[in-house]
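These notes concern the structure reproduced below.
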Number of protein chains: 2
Amino acid sequence: MSALTPLHATRPLANAIRFLAIDAIVRAGEGHQGVPLGMAEIATALFTQHLKFNPADPQWPDRDRFVLSNGHGSMLLYALLHLSGYAQFGIDEIKSFRAMGSRCEGHPEFDPAAGIEVTTGPLGQGIANAFGMAVAEAYLNARFGDGIVNHYTYAFVGDGCLQEGVGQEMISLAGHLQLGKLILCWDDNRITDDGSTSLSISEDVSARFRVAGWHVIEVDGHDLDALSAALAEAKRDARPSMLACRTVIARGIARLQGQRGGHSGKLFEADADAARTELGWAHAPFEIPHDVLEAWRAAGRRSEGEYLAWRERLAALPDDARAEFERIQAGRLPEGWQRVLEDYKRQSIERGEGEAGILISAEINDRLAQLPERMVACADLEAPTSHKRSLHAFTAGDRSGAYVHCGVREHLMGAMANGMAAHGGVIPLAVTYLAFLDYERPAMRMAALMGLPVKFVFSHDSIGVGRNGPTHQPVEILASLRAMPNMRVFRPADAVEAAECWALAYEHRSGPSTMVFARQNLPLVRTRHSAENRCARGGYVLAQAEGGKRLVTLLATGSEVALALTARERLQREGIPTAVVSLPCWEVFDEQDPAYRQEVLGTDTVRVGVEAAVRFGWDRYLGERGAFVGMAGFGASGPAEDLYQHFGITPEHIVAEARRRL
Amino acid sequence: MSALTPLHATRPLANAIRFLAIDAIVRAGEGHQGVPLGMAEIATALFTQHLKFNPADPQWPDRDRFVLSNGHGSMLLYALLHLSGYAQFGIDEIKSFRAMGSRCEGHPEFDPAAGIEVTTGPLGQGIANAFGMAVAEAYLNARFGDGIVNHYTYAFVGDGCLQEGVGQEMISLAGHLQLGKLILCWDDNRITDDGSTSLSISEDVSARFRVAGWHVIEVDGHDLDALSAALAEAKRDARPSMLACRTVIARGIARLQGQRGGHSGKLFEADADAARTELGWAHAPFEIPHDVLEAWRAAGRRSEGEYLAWRERLAALPDDARAEFERIQAGRLPEGWQRVLEDYKRQSIERGEGEAGILISAEINDRLAQLPERMVACADLEAPTSHKRSLHAFTAGDRSGAYVHCGVREHLMGAMANGMAAHGGVIPLAVTYLAFLDYERPAMRMAALMGLPVKFVFSHDSIGVGRNGPTHQPVEILASLRAMPNMRVFRPADAVEAAECWALAYEHRSGPSTMVFARQNLPLVRTRHSAENRCARGGYVLAQAEGGKRLVTLLATGSEVALALTARERLQREGIPTAVVSLPCWEVFDEQDPAYRQEVLGTDTVRVGVEAAVRFGWDRYLGERGAFVGMAGFGASGPAEDLYQHFGITPEHIVAEARRRL
């Protein structure tokens with residue numbers, strides 16, 4: 001890289017970013033200046049010359065998406081939102097950076113109405129979200145045409161995001177799918193938290209992208225003209241593009257720039273003063289000169305013409321097409337969409353036979369073909385999970401497909417689904433085995449934190465997996481997921497509950513739903529038809545105690561509900577009035593009023609929890625006289641029936657535990 | 001690839017693998033034939049001509065390590081162990097493949113005494129384990145010299161392992177560290193579970209390895225001579241090597257070979273019969289002709305000379321060096337190793353001041369310099385976690401360093417640590433922030449399942465993180481980890497408990513320990529010296545109730561113990577006899593006898609749990625009158641003190657909750 005050119009002469013717009021960041025970080029007493037100072041020119045080139053956006057309508061569906069994947073550099077984003085004119089980011093908000101209650105939080109937190117497309121912080125998530133946004137865009141473009149959906153997705157990314165496995169998975173699959181409207185700007189500053197990137201990486205990052213089929217442009221990350229030209233070239237190229245922007249971390253702070261401390265070393269007022277002198281910035285803290293602010297605001301209005309033209313095109317659509325577009329944008333389900341679920345419930349009861357849990361889910365979803373906004377992603381388990389059926393594949397050559405073959409990349413799949421949900425206009429399902437949930441879990445946490453309505457679908461949910469053995473048998477995973485705030489975990493007991501739980505999941509918009517299904521047969525436990533969605537309260541009395549006051553309550557979920565029913569029959573035969581409670585969704589049950597919960601759980605009864613998983617978390621329902629029939633450790637390799645016997649998850653054992661406590 | 005040459009003429013040894021696999025899978029009624037049939041020649045070339053091993057002493061410390069990362073192909077491994085003469089894998093064991101109680105489980109389960117180096121199944125883990133083994137080998141080679149530690153690590157790997165993010169992280173870091181004794185054999189069969197790999201990947205996998213600095217050899221995966229030559233070349237090359245072995249999945253089963261169904265499509269006796277005809281294998285099921293078996297057994301004895309020479313070299317070592325080598329191989333800690341911990345306890349009490357939680361852990365570990373078998377890995381958080389200190393870096397040029405800069409690759413770090421522990425001779429620590437635990441969690445599950453004594457160390461354990469906000473603030477992660485079988489989770493309250501917990505973690509050999517530390521200051525709560533390790537029972541009464549029968553028990557962990565002590569003072573002042581229980585390790589506490597647990601928890605008292613995390617899991621200790629002071633959802637961005645106030649995790653709130661329940 002040639003000698004650095006001075007920053008003051010040519011780029012007041014970029015320096016406006018720099019000083020907002022410096023001033024806010026000095027005021028807060030902490031923050032990460034490396035990104036906003038190092039990427040100021042890149043951001044300026046993008047926001048003033050390329051990004052299609054409208055601060056007056058941040059949620060314009062056809063806006064370009066912008067993701068700051070290196071989210072610790074949050075002040076870069078807040079500065080951009082302030083400068084370009086987002087009402088929510090006035091100068092007082094900037095001054096409150098990192099204070100309690102500020103919109104300018106330590107990391108950007110999902111707030112699309114204010115211009116924050118996605119929460120970023122855990123490295124790698126943002127670029128995988130951006131990938132998901134580009135998938136959603138391509139699918140919607142195929143559905144609605146260039147006039148209605150046709151935008152780019154940009155992501156800023158640091159070395160960390162590219163070292164993370166999920167980032168590598170993204171590079172590979174985005175190249176495979178040739179998502180030409182996905183453009184990354186890599187902050188190639190050669191510094192990570194530990195110091196030089198050479199401590200932990202030797203590979204030619206650009207070459208790694210090229211191997212995966214990306215279009216790579218190497219560019220001086222402080223040269224506005226070169227950056228703008230590179231962005232223009234990236235937009236033209238049919239491949240996904242990566243701009244390798246050679247930058248100097250924390251550029252502008254002489255004491256720290258280009259060094260390890262540039263990342264987040266403490267900034268002092270003296271640093272700010274020195275920077276003002278060096279960059280010729282003769283303005284007070286948080287003061288942006290009028291002409292510079294005006295230039296930025298003009299940049300914020302740059303897409304107004306495109307915006308109005310887009311609105312005209314939308315208005316000119318045939319009524320049904322426009323209504324459909326507006327419906328999916330709002331996340332509304334179509335009139336009468338539940339009818340197929342009701343039919344399925346009735347038919348399941350008529351048929352009277354059980355079916356493999358995951359195939360029930362597959363059948364239900366196949367019948368929901370009238371939800372074209374649904375996209376299904378799966379991590380190389382199409383055959384055993386069976387959620388493709390009448391869908392066809394989303395590929396480089398055919399964007400109309402609603403089924404994404406993710407390969408063996410669970411983490412990317414989850415983060416992609418988050419990006420799709422954040423984009424809007426699609427409802428993503430992500431399907432794999434429950435044993436691999438942990439691979440996807442960091443993305444699931446982000447979905448819960450953002451409140452995104454992603455449906456995470458899992459098969460093979462217990463030792464019922466059988467002979468593939470303990471690596472493939474979840475035992476602690478249900479508990480570990482139930483511990484997560486704002487995550488609903490559904491584990492239906494049969495086809496009827498599955499239809500009801502899917503209805504609840506599709507209607508739940510303020511957070512993700514996890515749908516957990518057995519590999520094995522789920523015999524019918526709901527043998528009488530009810531128009532009511534009995535799962536809607538999370539738990540309910542499936543079978544009442546008979547012949548006297550309830551003495552025993554058996555609580556179970558999923559495949560173990562049938563075992564509880566068998567145990568109940570035996571206890572009843574022995575004259576012990578026993579109820580069975582099905583608890584398909586703890587989170588919803590816990591939201592019910594105390595009287596309902598007490599009625600379901602029973603007063604002064606022995607309670608036995610039954611689940612082919614660990615006890616952890618169950619005690620809240622069991623009380624001090626409670627017992628639990630389930631797993632105490634990892635599983636084993638053997639036929640499923642043998643394993644249930646081996647681990648004592650049987651009606652006999654349930655009966656014995658109940659009697660022992662009476 | 002040129003036309004396939006017939007298999008029967010040239011390779012009875014490889015076909016012996018094929019037919020053991022076919023016969024076992026047909027008998028079991030299920031299994032994955034793709035790998036054993038596709039990689040039979042690769043395995044034969046490796047085991048009969050290159051691998052240094054001794055079935056008579058499977059745990060020979062200097063054996064080459066062999067990892068079947070594509071663990072679903074487990075019959076390949078069992079066949080190899082049987083043929084080469086491992087006593088544990090007699091023909092009856094092979095016949096019991098996938099039956100309950102068999103050693104021939106669905107996936108290989110860690111059993112080094114029987115030749116299974118590591119549990120594999122979840123894709124990507126195995127190659128990352130192999131990487132860890134190669135790191136351990138290089139470190140021990142630097143410590144003990146070529147005569148004592150000098151072996152290769154081989155891993156078989158399928159497309160899935162290489163698509164997984166953790167696999168990509170491994171490729172990148174292994175290339176960076178130039179682990180020349182790590183050799184992968186890629187089963188390039190172009191088929192995954194969904195069908196053609198072209199459904200989900202387009203990149204040139206060999207090129208991706210080359211970009212990362214690997215030595216790549218492309219070879220016909222069914223040509224024994226070419227394979228053997230490639231292995232020889234790989235051994236000579238100073239770079240890590242990847243043999244891209246072009247193979248035909250399920251080769252030998254005409255109906256399935258080269259196709260999607262080859263992976264695990266059901267095999268019938270007719271398939272076995274057809275294969276016998278085609279391959280000219282005129283032997284009954286499970287029958288290996290004498291000459292073939294003898295050739296295999298001879299291969300199993302091939303390294304005997306090397307083995308004896310190695311034993312002689314070990315015996316010839318100076319006594320102290322030999323004793324040291326034997327000590328670390330046995331996983332024994334040196335005489336008196338705890339003395340520095342005892343000194344540290346005493347000095348902490350003398351100093352009387354608190355310190356940042358993670359710095360306490362750093363200081364303790366720095367003082368344990370007399371454990372040269374300790375290796376510390378960290379995911380690009382050297383400065384904030386501070387566990388490097390007097391260690392120096394393990395690099396491509398210096399294998400004597402005990403500190404591995406992993407870059408931003410948490411998942412690899414965890415799986416690498418597992419491989420190091422499985423290798424033996426080193427004690428791995430893996431350090432990052434608790435919020436990033438989920439990235440590492442799939443590896444932690446494998447450590448728990450295998451019972452490996454890895455120490456997973458985490459800093460920044462709660463909202464105490466402060467202004468980096470909810471992405472960086474664990475709330476559910478403690479609970480989600482406590483749900484995991486065979487995982488001990490330690491969350492010490494101060495420097496004294498930290499020393500005690502570290503003592504317990506180093507002594508715990510039958511499973512992993514997770515060490516959780518606050519970012520913020522942990523004031524001293526153990527102000528009186530006790531020679532006893534009070535944390536050794538997992539929980540204990542830190543402060544007794546005074547002035548009457550105990551009415552209130554406050555239970556807390558980590559940074560919240562100090563809050564509970566303050567609350568106790570106030571309650572005591574109000575005349576309410578209150579005890580404080582510290583629960584640094586639930587798993588150990590739950591193993592204590594009921595009388596002790598009851599004594600600690602108190603009988604007929606109000607119990608209030610206090611932890612800056614979710615309640616999930618706490619109910620087991622709280623009883624029906626219990627209360628909990630902690631988090632109900634995700635955190636927020638603000639100064640730590642403000643957050644504790646905002647979320648009501650304060651002595652005032654603890655007092656109020658206790659009084660409300662009285």
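The way I read the labels, and the way they are meant: chains A, B, ... in the order of the structure tokens, residue 1 as the first residue of every chain, and ligand 1 as the first ligand shown, with later ones counted on from there.
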
Tell me, counting only C-alpha atoms, for each residue of range 368-406 of chain B within 12 Å of range 124-132 of chain B, which pair of atoms is nearest and how far apart they are in Å to one decimal, in rows ordered by chain and increasing number, as a Markdown table.
```
| residue | atom | partner | partner_atom | distance |
| --- | --- | --- | --- | --- |
| B:Met375 | CA | B:Gly132 | CA | 11.0 |
| B:Ala377 | CA | B:Gly132 | CA | 10.6 |
| B:Val404 | CA | B:Gly132 | CA | 10.6 |
| B:Cys406 | CA | B:Gly132 | CA | 11.3 |
```

With all heavy atoms kept, could you save the residues just selected as a PDB file, in the first residue's frame?
```
ATOM      1  N   MET B 375      -1.764 -26.534  28.417  1.00  0.00           N
ATOM      2  CA  MET B 375      -1.735 -25.668  27.242  1.00  0.00           C
ATOM      3  C   MET B 375      -3.000 -24.810  27.278  1.00  0.00           C
ATOM      4  O   MET B 375      -4.077 -25.289  27.584  1.00  0.00           O
ATOM      5  CB  MET B 375      -1.693 -26.490  25.945  1.00  0.00           C
ATOM      6  CG  MET B 375      -0.391 -27.255  25.764  1.00  0.00           C
ATOM      7  SD  MET B 375      -0.279 -27.996  24.096  1.00  0.00           S
ATOM      8  CE  MET B 375       0.161 -26.568  23.087  1.00  0.00           C
ATOM      9  N   ALA B 377      -5.520 -22.302  25.213  1.00  0.00           N
ATOM     10  CA  ALA B 377      -5.978 -21.801  23.923  1.00  0.00           C
ATOM     11  C   ALA B 377      -6.956 -20.672  24.168  1.00  0.00           C
ATOM     12  O   ALA B 377      -7.705 -20.702  25.142  1.00  0.00           O
ATOM     13  CB  ALA B 377      -6.667 -22.926  23.147  1.00  0.00           C
ATOM     14  N   VAL B 404      -1.993 -21.111  22.558  1.00  0.00           N
ATOM     15  CA  VAL B 404      -2.411 -21.180  21.157  1.00  0.00           C
ATOM     16  C   VAL B 404      -3.351 -20.017  20.843  1.00  0.00           C
ATOM     17  O   VAL B 404      -4.450 -19.931  21.398  1.00  0.00           O
ATOM     18  CB  VAL B 404      -3.111 -22.519  20.848  1.00  0.00           C
ATOM     19  CG1 VAL B 404      -3.444 -22.605  19.365  1.00  0.00           C
ATOM     20  CG2 VAL B 404      -2.238 -23.697  21.273  1.00  0.00           C
ATOM     21  N   CYS B 406      -5.950 -18.891  18.817  1.00  0.00           N
ATOM     22  CA  CYS B 406      -6.876 -19.598  17.926  1.00  0.00           C
ATOM     23  C   CYS B 406      -7.530 -18.690  16.906  1.00  0.00           C
ATOM     24  O   CYS B 406      -8.219 -19.182  16.013  1.00  0.00           O
ATOM     25  CB  CYS B 406      -7.959 -20.293  18.750  1.00  0.00           C
ATOM     26  SG  CYS B 406      -7.317 -21.701  19.661  1.00  0.00           S
TER      27      CYS B 406
END
```

Give me, as CSV, each residue of chain B that comes within 6 Å of chain A, together with its shortest interatomic pair and the distance in Å at one decimal, counting only C-alpha atoms, with rows ordered by chain and rising residue number.
```
residue,atom,partner,partner_atom,distance
B:Arg98,CA,A:Arg467,CA,5.8
B:Ala99,CA,A:Gly638,CA,5.2
B:Met100,CA,A:Gly638,CA,4.3
B:Glu105,CA,A:Ser637,CA,5.5
B:Gly106,CA,A:Asn468,CA,4.3
B:Gly160,CA,A:Val408,CA,5.3
B:Gln163,CA,A:Val408,CA,5.6
B:Glu164,CA,A:Arg409,CA,5.1
B:Gly165,CA,A:Gly165,CA,3.5
B:Val166,CA,A:Gly165,CA,5.3
B:Glu169,CA,A:Gly165,CA,5.5
B:His176,CA,A:Ser202,CA,5.1
B:Asp193,CA,A:Asp380,CA,5.8
B:Asp194,CA,A:Asp380,CA,5.3
B:Ser200,CA,A:Gly407,CA,5.0
B:Ile201,CA,A:His176,CA,5.5
B:Ser202,CA,A:His176,CA,5.2
B:Glu203,CA,A:Ala212,CA,4.7
B:Val211,CA,A:Glu203,CA,5.8
B:Ala212,CA,A:Glu203,CA,4.7
B:Asp380,CA,A:Asp194,CA,5.3
B:Glu382,CA,A:Asp194,CA,5.7
B:His405,CA,A:Ser200,CA,5.9
B:Gly407,CA,A:Ser200,CA,5.0
B:Val408,CA,A:Gly160,CA,5.3
B:Arg409,CA,A:Glu164,CA,5.1
B:Asp438,CA,A:Pro442,CA,5.4
B:Pro442,CA,A:Asp438,CA,5.5
B:Arg467,CA,A:Gly106,CA,5.3
B:Asn468,CA,A:Gly106,CA,4.3
B:Gly469,CA,A:Gly106,CA,5.6
B:Glu476,CA,A:Met484,CA,5.3
B:Ser480,CA,A:Ser480,CA,3.9
B:Ala483,CA,A:Glu476,CA,5.5
B:Met484,CA,A:Glu476,CA,5.4
B:Pro485,CA,A:Gly633,CA,5.1
B:Phe616,CA,A:Ala483,CA,5.6
B:Gly617,CA,A:Gly617,CA,4.5
B:Asp619,CA,A:Arg620,CA,5.4
B:Arg620,CA,A:Asp619,CA,5.4
B:Gly633,CA,A:Pro485,CA,5.1
B:Ser637,CA,A:Glu105,CA,5.5
B:Gly638,CA,A:Met100,CA,4.2
```

Just the selected residues (N, CA and C atoms), exported as a compact mmCIF listing (two decimals), in the first residue's frame, please.
```
# COMPACT_ATOMS: atom_id res chain seq x y z
N ARG B 98 -24.35 -52.51 16.08
CA ARG B 98 -25.59 -51.75 16.31
C ARG B 98 -26.58 -52.44 17.25
N ALA B 99 -26.18 -53.54 17.86
CA ALA B 99 -27.07 -54.13 18.88
C ALA B 99 -26.76 -53.46 20.21
N MET B 100 -27.72 -53.52 21.08
CA MET B 100 -27.57 -52.92 22.41
C MET B 100 -26.38 -53.55 23.12
N GLU B 105 -20.85 -49.73 18.04
CA GLU B 105 -22.02 -48.86 18.14
C GLU B 105 -22.26 -48.15 16.81
N GLY B 106 -23.41 -47.50 16.72
CA GLY B 106 -23.77 -46.80 15.49
C GLY B 106 -22.69 -45.84 15.03
N GLY B 160 -19.17 -33.65 4.32
CA GLY B 160 -19.88 -32.96 5.39
C GLY B 160 -18.95 -32.27 6.36
N GLN B 163 -17.72 -29.12 4.89
CA GLN B 163 -18.70 -28.04 4.74
C GLN B 163 -18.94 -27.33 6.07
N GLU B 164 -18.87 -28.07 7.16
CA GLU B 164 -19.10 -27.50 8.49
C GLU B 164 -18.11 -26.37 8.78
N GLY B 165 -18.61 -25.35 9.43
CA GLY B 165 -17.77 -24.23 9.80
C GLY B 165 -16.55 -24.64 10.61
N VAL B 166 -16.75 -25.59 11.53
CA VAL B 166 -15.62 -25.98 12.38
C VAL B 166 -14.53 -26.64 11.54
N GLU B 169 -12.69 -23.78 9.91
CA GLU B 169 -11.80 -23.14 10.88
C GLU B 169 -10.52 -23.96 11.04
N HIS B 176 -2.14 -22.34 8.94
CA HIS B 176 -1.36 -21.27 9.58
C HIS B 176 -0.25 -21.85 10.46
N ASP B 193 -25.90 -36.74 1.79
CA ASP B 193 -27.20 -37.35 2.09
C ASP B 193 -28.28 -36.87 1.11
N ASP B 194 -28.21 -35.61 0.72
CA ASP B 194 -29.23 -35.07 -0.18
C ASP B 194 -29.04 -35.51 -1.63
N SER B 200 -25.06 -28.34 -3.16
CA SER B 200 -24.76 -27.38 -2.09
C SER B 200 -23.32 -26.88 -2.09
N ILE B 201 -22.51 -27.32 -3.05
CA ILE B 201 -21.16 -26.78 -3.07
C ILE B 201 -20.63 -26.77 -4.49
N SER B 202 -19.92 -25.70 -4.83
CA SER B 202 -19.32 -25.60 -6.16
C SER B 202 -17.82 -25.46 -6.08
N GLU B 203 -17.30 -25.11 -4.92
CA GLU B 203 -15.90 -24.73 -4.87
C GLU B 203 -14.98 -25.93 -5.04
N VAL B 211 -5.10 -22.73 -0.63
CA VAL B 211 -5.11 -21.32 -0.20
C VAL B 211 -4.68 -21.21 1.27
N ALA B 212 -5.08 -22.19 2.05
CA ALA B 212 -4.77 -22.15 3.48
C ALA B 212 -3.37 -22.67 3.79
N ASP B 380 -8.84 -15.21 20.44
CA ASP B 380 -8.62 -13.79 20.16
C ASP B 380 -9.09 -12.87 21.29
N GLU B 382 -6.91 -12.40 24.19
CA GLU B 382 -5.78 -12.48 25.10
C GLU B 382 -5.81 -11.38 26.15
N HIS B 405 -2.90 -19.13 19.99
CA HIS B 405 -3.77 -18.07 19.48
C HIS B 405 -4.71 -18.70 18.45
N GLY B 407 -7.33 -17.39 17.04
CA GLY B 407 -8.13 -16.50 16.21
C GLY B 407 -9.58 -16.55 16.67
N VAL B 408 -10.45 -15.94 15.88
CA VAL B 408 -11.87 -15.87 16.28
C VAL B 408 -12.54 -17.16 15.81
N ARG B 409 -12.15 -18.26 16.45
CA ARG B 409 -12.61 -19.58 16.03
C ARG B 409 -12.91 -20.41 17.28
N ASP B 438 -21.87 -20.65 23.21
CA ASP B 438 -22.70 -21.41 22.27
C ASP B 438 -21.96 -21.76 20.99
N PRO B 442 -21.05 -27.34 20.77
CA PRO B 442 -21.07 -28.71 20.22
C PRO B 442 -19.82 -29.49 20.62
N ARG B 467 -21.75 -2.40 29.09
CA ARG B 467 -22.27 -1.64 27.97
C ARG B 467 -22.14 -2.31 26.61
N ASN B 468 -21.47 -3.45 26.52
CA ASN B 468 -21.49 -4.14 25.23
C ASN B 468 -22.86 -4.73 24.93
N GLY B 469 -23.72 -4.77 25.93
CA GLY B 469 -25.12 -5.07 25.67
C GLY B 469 -25.50 -6.54 25.61
N GLU B 476 -28.96 -17.10 29.87
CA GLU B 476 -29.47 -18.47 29.87
C GLU B 476 -28.35 -19.49 29.79
N SER B 480 -28.22 -23.52 30.56
CA SER B 480 -28.15 -24.44 29.42
C SER B 480 -26.97 -25.38 29.57
N ALA B 483 -27.56 -28.13 32.33
CA ALA B 483 -28.44 -29.20 31.86
C ALA B 483 -27.65 -30.35 31.24
N MET B 484 -26.39 -30.11 30.90
CA MET B 484 -25.60 -31.10 30.16
C MET B 484 -25.04 -32.18 31.09
N PRO B 485 -25.30 -33.44 30.79
CA PRO B 485 -24.75 -34.50 31.64
C PRO B 485 -23.21 -34.48 31.64
N PHE B 616 -34.33 -20.67 35.34
CA PHE B 616 -34.47 -22.03 34.83
C PHE B 616 -33.47 -22.97 35.52
N GLY B 617 -33.99 -24.00 36.16
CA GLY B 617 -33.14 -24.97 36.86
C GLY B 617 -33.04 -24.72 38.35
N ASP B 619 -35.38 -24.11 40.53
CA ASP B 619 -36.49 -24.55 41.37
C ASP B 619 -36.16 -25.78 42.21
N ARG B 620 -35.26 -26.59 41.72
CA ARG B 620 -34.90 -27.78 42.50
C ARG B 620 -34.43 -27.44 43.91
N GLY B 633 -35.17 -12.13 31.35
CA GLY B 633 -35.02 -12.06 29.89
C GLY B 633 -33.61 -11.63 29.55
N SER B 637 -27.86 -2.64 27.28
CA SER B 637 -26.58 -1.94 27.20
C SER B 637 -26.56 -0.80 28.21
N GLY B 638 -25.63 -0.84 29.13
CA GLY B 638 -25.50 0.21 30.13
C GLY B 638 -24.39 -0.17 31.08
```

Quick one, how far is CA of Tyr644 in chain B from CA of Ser582 in chain B?
->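 Separation of CA of Tyr644 in chain B and CA of Ser582 in chain B: 19.4 Å.
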
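Within the 12 Å cut-off around Arg332 in chain B, using only C-alpha atoms and omitting residues fewer than 3 positions from it on the same chain, the listed residues are B:Ala323, B:Glu324, B:Phe325, B:Glu326, B:Arg327, B:Ile328, B:Gln329, B:Glu335, B:Gly336, B:Trp337, B:Leu371, B:Glu373, B:Gly424, B:Gly425, B:Val426, B:Ile427, B:Pro453, B:Tyr506, B:Glu507, B:His508, B:Arg509.
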
Apply DSSP to the structure's backbone, then extract all residues of range 115-243 of chain B labelled alpha helix (DSSP H) and return them as number ranges by chain.
-> B: 125-144, 159-163, 165-177, 205-211, 224-236

Skip Ala579 in chain B itself and residues of its chain fewer than 3 positions away, then list as a ChimeraX atom specification all residues within 12 Å of it, counting only C-alpha atoms.
-> /B:540-556,561,564-572,576,582,599-603,605-608,658

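CA of Leu333 in chain A sits 14.9 Å away from CA of Ala321 in chain A.
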